[in-house]
Amino acid sequence: MADIQTIYQETIKFAAEKHGAQKVKGSKIPYVVHLSNVAMEIFMAARKTHGFDLGYALQLALLHDTIEDTQTTRQEIEMVFGKDIAEGVWALTGDPKLLKEYRLSDSLAKIRKCPREAGAVKLADRITNLQAPPKSWSKSHIKDYLYDAQQILKVLHGANEYLEKRLQQKIDEYSKYSG
């Protein structure tokens, strides 16, 4: 088993190459910053959670958007990182074969079948995404995004107490944008 620094470095390099010049929505920030922010949430959760599989969770955190947002396939992730990581990343992916309104509930159902660290990554992802919304978003889009965050928190209750508290704080702060 590789040390955690090597796991992180090899995984973020793969993810950065896959995401290429992609930017965080509504910004000029390289997408890899979002991935490292999710990973930081995971590092902190691991420090506060007994028996947390940091290596597994870090790889999911850094790879969670590769299938959804790049040309990377589930099979490619399995070849490079193994079956468990590929299944976790797939669970965190909105299935493009489904209508948009069913993707989150499908993903959450898949996440609940994975080790609890997959749920922690979903919580961490939404924590980092609950920043000021892009100026182009309508009030209804903001309200929908807030509702989705509340559903994530509700469905993944028990996945990670530390991250659940963080997400609740972010939801409370984000509510000011939906008014």
# chains A, B, ... in the order shown; residues from 1 in each chain; ligands from 1
call {"tool": "select_by_dssp", "arguments": {"residues": "chain A", "states": "helix (DSSP H, G or I)", "output": "ChimeraX atom specification"}}
result
/A:4-19,31-47,54-63,66-69,74-81,83-91,100-112,116-129,139-155,161-177
call {"tool": "residues_around", "arguments": {"residues": "Ile12 of chain A", "least_positions_apart": "4", "cutoff": "6 Å", "atoms": "only C-alpha atoms", "output": "MDAnalysis selection string"}}
result
chainID A and resid 8 16 62
call {"tool": "residues_around", "arguments": {"residues": "Ala21 of chain A", "least_positions_apart": "3", "cutoff": "12 Å", "atoms": "only C-alpha atoms", "output": "list in words"}}
result
Ala15, Ala16, Glu17, Lys18, Val24, Lys28, Ile29, Pro30, Tyr31, Val32, Val33, Asp69 and Thr70 of chain A
call {"tool": "write_last_selection", "arguments": {"atoms": "N, CA and C atoms", "output": "CSV table (one decimal), in the first residue's frame"}}
result
chain,number,residue,atom,x,y,z
A,15,ALA,N,-6.2,13.3,-12.3
A,15,ALA,CA,-7.4,14.1,-12.4
A,15,ALA,C,-7.1,15.5,-13.1
A,16,ALA,N,-6.0,16.1,-12.8
A,16,ALA,CA,-5.6,17.4,-13.4
A,16,ALA,C,-5.4,17.2,-14.9
A,17,GLU,N,-4.8,16.1,-15.3
A,17,GLU,CA,-4.6,15.9,-16.7
A,17,GLU,C,-6.0,15.7,-17.4
A,18,LYS,N,-6.9,14.9,-16.7
A,18,LYS,CA,-8.2,14.7,-17.3
A,18,LYS,C,-9.1,15.9,-17.4
A,24,VAL,N,-13.6,26.2,-12.7
A,24,VAL,CA,-14.7,26.1,-11.8
A,24,VAL,C,-15.8,27.0,-12.4
A,28,LYS,N,-12.5,31.9,-13.2
A,28,LYS,CA,-11.3,31.6,-14.0
A,28,LYS,C,-10.4,30.7,-13.2
A,29,ILE,N,-10.9,30.1,-12.1
A,29,ILE,CA,-10.1,29.2,-11.3
A,29,ILE,C,-10.0,27.8,-11.9
A,30,PRO,N,-8.8,27.3,-12.0
A,30,PRO,CA,-8.6,25.9,-12.6
A,30,PRO,C,-9.4,24.9,-11.8
A,31,TYR,N,-10.0,23.9,-12.5
A,31,TYR,CA,-10.9,23.0,-11.8
A,31,TYR,C,-10.2,22.2,-10.7
A,32,VAL,N,-8.9,22.0,-10.9
A,32,VAL,CA,-8.2,21.2,-9.9
A,32,VAL,C,-8.2,21.8,-8.5
A,33,VAL,N,-8.5,23.1,-8.5
A,33,VAL,CA,-8.6,23.8,-7.2
A,33,VAL,C,-9.9,23.2,-6.4
A,69,ASP,N,-17.5,14.8,-16.0
A,69,ASP,CA,-17.1,16.0,-16.6
A,69,ASP,C,-16.0,15.9,-17.6
A,70,THR,N,-15.5,14.7,-17.9
A,70,THR,CA,-14.4,14.6,-18.8
A,70,THR,C,-14.7,13.3,-19.7
call {"tool": "atom_distance", "arguments": {"atom1": "atom CA of Lys143 of chain A", "atom2": "atom CA of Asp106 of chain A"}}
result
20.3 Å
call {"tool": "atom_distance", "arguments": {"atom1": "atom CA of Pro134 of chain A", "atom2": "atom CA of His34 of chain A"}}
result
14.8 Å
call {"tool": "residues_around", "arguments": {"residues": "segment 152-159 of chain A", "least_positions_apart": "4", "cutoff": "7 Å", "atoms": "only C-alpha atoms", "output": "list in words"}}
result
Arg116, Gly119, Ala120, Asp148 and Glu164 of chain A
call {"tool": "write_last_selection", "arguments": {"atoms": "C-alpha atoms", "output": "CSV table (one decimal), in the first residue's frame"}}
result
chain,number,residue,atom,x,y,z
A,116,ARG,CA,-19.3,5.4,4.1
A,119,GLY,CA,-21.0,9.6,1.3
A,120,ALA,CA,-18.3,11.7,3.0
A,148,ASP,CA,-30.4,19.5,-3.6
A,164,GLU,CA,-22.8,16.8,8.0
call {"tool": "atom_distance", "arguments": {"atom1": "atom CA of Leu163 of chain A", "atom2": "atom CA of Leu58 of chain A"}}
result
14.4 Å
call {"tool": "closest_residue", "arguments": {"among": "A:Thr128, A:Ser175, A:Gln59, A:Gln75", "to": "Tyr147 of chain A", "atoms": "only C-alpha atoms"}}
result
A:Ser175
call {"tool": "residues_around", "arguments": {"residues": "Tyr177 of chain A", "least_positions_apart": "4", "cutoff": "8 Å", "atoms": "only C-alpha atoms", "output": "list of chain:residue names"}}
result
A:Ala132, A:Pro133, A:Lys139, A:Ile142
call {"tool": "closest_residue", "arguments": {"among": "A:Glu117, A:Glu76, A:Glu68, A:Glu87", "to": "Ala46 of chain A", "atoms": "only C-alpha atoms"}}
result
A:Glu117
call {"tool": "residues_around", "arguments": {"residues": "Arg103 of chain A", "least_positions_apart": "3", "cutoff": "12 Å", "atoms": "only C-alpha atoms", "output": "short mmCIF file (atom, residue, chain, number, x, y, z; two decimals) with N, CA and C atoms, in the first residue's frame"}}
result
data_model
loop_
_atom_site.label_atom_id
_atom_site.label_comp_id
_atom_site.auth_asym_id
_atom_site.auth_seq_id
_atom_site.Cartn_x
_atom_site.Cartn_y
_atom_site.Cartn_z
N GLU A 68 -18.09 12.19 -15.02
CA GLU A 68 -19.17 13.12 -15.34
C GLU A 68 -18.73 14.29 -16.22
N TRP A 90 -18.15 6.00 -9.87
CA TRP A 90 -19.40 5.83 -10.60
C TRP A 90 -20.59 6.21 -9.73
N ALA A 91 -20.56 5.83 -8.45
CA ALA A 91 -21.66 6.18 -7.54
C ALA A 91 -21.79 7.70 -7.40
N LEU A 92 -20.67 8.40 -7.43
CA LEU A 92 -20.66 9.86 -7.29
C LEU A 92 -20.99 10.59 -8.60
N THR A 93 -21.23 9.84 -9.65
CA THR A 93 -21.48 10.39 -10.98
C THR A 93 -22.97 10.44 -11.28
N GLY A 94 -23.41 11.58 -11.80
CA GLY A 94 -24.78 11.67 -12.30
C GLY A 94 -24.85 10.92 -13.62
N ASP A 95 -25.67 9.89 -13.66
CA ASP A 95 -25.76 9.02 -14.85
C ASP A 95 -26.35 9.81 -16.02
N PRO A 96 -25.56 10.03 -17.08
CA PRO A 96 -26.05 10.83 -18.21
C PRO A 96 -27.20 10.17 -18.98
N LYS A 97 -27.44 8.88 -18.74
CA LYS A 97 -28.55 8.20 -19.42
C LYS A 97 -29.90 8.55 -18.79
N LEU A 98 -29.85 9.12 -17.59
CA LEU A 98 -31.08 9.48 -16.88
C LEU A 98 -31.44 10.94 -17.14
N LEU A 99 -32.72 11.25 -17.02
CA LEU A 99 -33.14 12.65 -17.07
C LEU A 99 -32.48 13.39 -15.90
N LYS A 100 -32.17 14.65 -16.12
CA LYS A 100 -31.42 15.44 -15.14
C LYS A 100 -32.06 15.38 -13.74
N ASP A 106 -30.56 8.99 -7.99
CA ASP A 106 -29.90 7.76 -8.43
C ASP A 106 -28.49 7.68 -7.85
N SER A 107 -27.76 8.78 -7.95
CA SER A 107 -26.39 8.82 -7.42
C SER A 107 -26.40 8.58 -5.90
N LEU A 108 -27.30 9.24 -5.18
CA LEU A 108 -27.36 9.06 -3.73
C LEU A 108 -27.68 7.61 -3.36
N ALA A 109 -28.55 6.96 -4.12
CA ALA A 109 -28.86 5.54 -3.87
C ALA A 109 -27.61 4.68 -4.09
N LYS A 110 -26.84 4.98 -5.14
CA LYS A 110 -25.60 4.23 -5.39
C LYS A 110 -24.58 4.50 -4.28
N ASP A 148 -31.25 20.64 -3.40
CA ASP A 148 -30.41 19.46 -3.63
C ASP A 148 -29.44 19.25 -2.47
#
call {"tool": "residues_around", "arguments": {"residues": "Gln168 of chain A", "least_positions_apart": "6", "cutoff": "12 Å", "atoms": "only C-alpha atoms", "output": "JSON, numbers by chain"}}
result
{"A": [123, 124, 126, 127, 130, 146, 149, 150, 151, 152, 153, 154, 157, 161, 162, 174, 175]}
call {"tool": "decode", "arguments": {"residues": "segment 118-152 of chain A", "atoms": "N, CA and C atoms", "output": "mmCIF file, in the first residue's frame"}}
result
data_model
loop_
_atom_site.group_PDB
_atom_site.id
_atom_site.type_symbol
_atom_site.label_atom_id
_atom_site.label_comp_id
_atom_site.auth_asym_id
_atom_site.auth_seq_id
_atom_site.Cartn_x
_atom_site.Cartn_y
_atom_site.Cartn_z
ATOM 1 N N ALA A 118 -17.598 7.209 0.593
ATOM 2 C CA ALA A 118 -18.197 7.768 -0.632
ATOM 3 C C ALA A 118 -19.226 8.839 -0.260
ATOM 4 N N GLY A 119 -20.013 8.567 0.771
ATOM 5 C CA GLY A 119 -20.959 9.576 1.254
ATOM 6 C C GLY A 119 -20.242 10.805 1.776
ATOM 7 N N ALA A 120 -19.121 10.589 2.448
ATOM 8 C CA ALA A 120 -18.323 11.713 2.950
ATOM 9 C C ALA A 120 -17.844 12.582 1.794
ATOM 10 N N VAL A 121 -17.446 11.954 0.691
ATOM 11 C CA VAL A 121 -16.983 12.720 -0.478
ATOM 12 C C VAL A 121 -18.128 13.540 -1.068
ATOM 13 N N LYS A 122 -19.316 12.965 -1.144
ATOM 14 C CA LYS A 122 -20.468 13.715 -1.667
ATOM 15 C C LYS A 122 -20.766 14.918 -0.771
ATOM 16 N N LEU A 123 -20.713 14.720 0.540
ATOM 17 C CA LEU A 123 -20.916 15.828 1.475
ATOM 18 C C LEU A 123 -19.836 16.895 1.273
ATOM 19 N N ALA A 124 -18.581 16.467 1.173
ATOM 20 C CA ALA A 124 -17.462 17.391 0.996
ATOM 21 C C ALA A 124 -17.581 18.159 -0.315
ATOM 22 N N ASP A 125 -18.016 17.476 -1.364
ATOM 23 C CA ASP A 125 -18.199 18.122 -2.663
ATOM 24 C C ASP A 125 -19.236 19.242 -2.559
ATOM 25 N N ARG A 126 -20.358 18.948 -1.919
ATOM 26 C CA ARG A 126 -21.400 19.977 -1.816
ATOM 27 C C ARG A 126 -20.970 21.112 -0.890
ATOM 28 N N ILE A 127 -20.215 20.806 0.155
ATOM 29 C CA ILE A 127 -19.680 21.862 1.027
ATOM 30 C C ILE A 127 -18.865 22.847 0.200
ATOM 31 N N THR A 128 -17.974 22.328 -0.627
ATOM 32 C CA THR A 128 -17.098 23.215 -1.404
ATOM 33 C C THR A 128 -17.864 23.936 -2.517
ATOM 34 N N ASN A 129 -18.973 23.367 -2.960
ATOM 35 C CA ASN A 129 -19.766 24.006 -4.020
ATOM 36 C C ASN A 129 -20.710 25.080 -3.501
ATOM 37 N N LEU A 130 -20.968 25.104 -2.208
ATOM 38 C CA LEU A 130 -21.898 26.102 -1.663
ATOM 39 C C LEU A 130 -21.177 27.421 -1.374
ATOM 40 N N GLN A 131 -20.603 27.976 -2.408
ATOM 41 C CA GLN A 131 -19.995 29.308 -2.382
ATOM 42 C C GLN A 131 -21.028 30.266 -2.980
ATOM 43 N N ALA A 132 -20.669 31.511 -3.124
ATOM 44 C CA ALA A 132 -21.567 32.446 -3.795
ATOM 45 C C ALA A 132 -21.885 31.889 -5.187
ATOM 46 N N PRO A 133 -23.164 31.814 -5.554
ATOM 47 C CA PRO A 133 -23.514 31.240 -6.863
ATOM 48 C C PRO A 133 -23.061 32.148 -8.016
ATOM 49 N N PRO A 134 -22.814 31.540 -9.180
ATOM 50 C CA PRO A 134 -22.464 32.356 -10.346
ATOM 51 C C PRO A 134 -23.546 33.408 -10.618
ATOM 52 N N LYS A 135 -23.138 34.564 -11.084
ATOM 53 C CA LYS A 135 -24.075 35.672 -11.341
ATOM 54 C C LYS A 135 -25.134 35.299 -12.375
ATOM 55 N N SER A 136 -24.821 34.342 -13.225
ATOM 56 C CA SER A 136 -25.756 33.939 -14.274
ATOM 57 C C SER A 136 -26.912 33.073 -13.746
ATOM 58 N N TRP A 137 -26.824 32.593 -12.510
ATOM 59 C CA TRP A 137 -27.868 31.718 -11.970
ATOM 60 C C TRP A 137 -29.107 32.514 -11.578
ATOM 61 N N SER A 138 -30.261 31.986 -11.935
ATOM 62 C CA SER A 138 -31.533 32.594 -11.542
ATOM 63 C C SER A 138 -31.842 32.216 -10.087
ATOM 64 N N LYS A 139 -32.795 32.938 -9.490
ATOM 65 C CA LYS A 139 -33.224 32.616 -8.115
ATOM 66 C C LYS A 139 -33.755 31.184 -8.051
ATOM 67 N N SER A 140 -34.477 30.749 -9.066
ATOM 68 C CA SER A 140 -35.022 29.386 -9.028
ATOM 69 C C SER A 140 -33.907 28.342 -9.111
ATOM 70 N N HIS A 141 -32.868 28.625 -9.889
ATOM 71 C CA HIS A 141 -31.731 27.700 -9.971
ATOM 72 C C HIS A 141 -31.025 27.624 -8.610
ATOM 73 N N ILE A 142 -30.859 28.770 -7.965
ATOM 74 C CA ILE A 142 -30.232 28.821 -6.633
ATOM 75 C C ILE A 142 -31.073 28.029 -5.634
ATOM 76 N N LYS A 143 -32.389 28.209 -5.681
ATOM 77 C CA LYS A 143 -33.276 27.470 -4.765
ATOM 78 C C LYS A 143 -33.200 25.975 -5.023
ATOM 79 N N ASP A 144 -33.144 25.571 -6.291
ATOM 80 C CA ASP A 144 -33.012 24.147 -6.634
ATOM 81 C C ASP A 144 -31.692 23.579 -6.103
ATOM 82 N N TYR A 145 -30.629 24.349 -6.225
ATOM 83 C CA TYR A 145 -29.311 23.907 -5.762
ATOM 84 C C TYR A 145 -29.308 23.758 -4.241
ATOM 85 N N LEU A 146 -29.949 24.691 -3.568
ATOM 86 C CA LEU A 146 -30.081 24.634 -2.112
ATOM 87 C C LEU A 146 -30.906 23.408 -1.705
ATOM 88 N N TYR A 147 -32.008 23.171 -2.410
ATOM 89 C CA TYR A 147 -32.838 21.995 -2.139
ATOM 90 C C TYR A 147 -32.027 20.710 -2.327
ATOM 91 N N ASP A 148 -31.252 20.642 -3.397
ATOM 92 C CA ASP A 148 -30.406 19.460 -3.626
ATOM 93 C C ASP A 148 -29.436 19.253 -2.471
ATOM 94 N N ALA A 149 -28.851 20.337 -1.971
ATOM 95 C CA ALA A 149 -27.921 20.234 -0.835
ATOM 96 C C ALA A 149 -28.648 19.683 0.391
ATOM 97 N N GLN A 150 -29.868 20.125 0.604
ATOM 98 C CA GLN A 150 -30.661 19.623 1.742
ATOM 99 C C GLN A 150 -30.986 18.140 1.566
ATOM 100 N N GLN A 151 -31.262 17.723 0.338
ATOM 101 C CA GLN A 151 -31.539 16.302 0.068
ATOM 102 C C GLN A 151 -30.281 15.460 0.304
ATOM 103 N N ILE A 152 -29.130 15.953 -0.128
ATOM 104 C CA ILE A 152 -27.863 15.248 0.087
ATOM 105 C C ILE A 152 -27.651 15.040 1.587
#
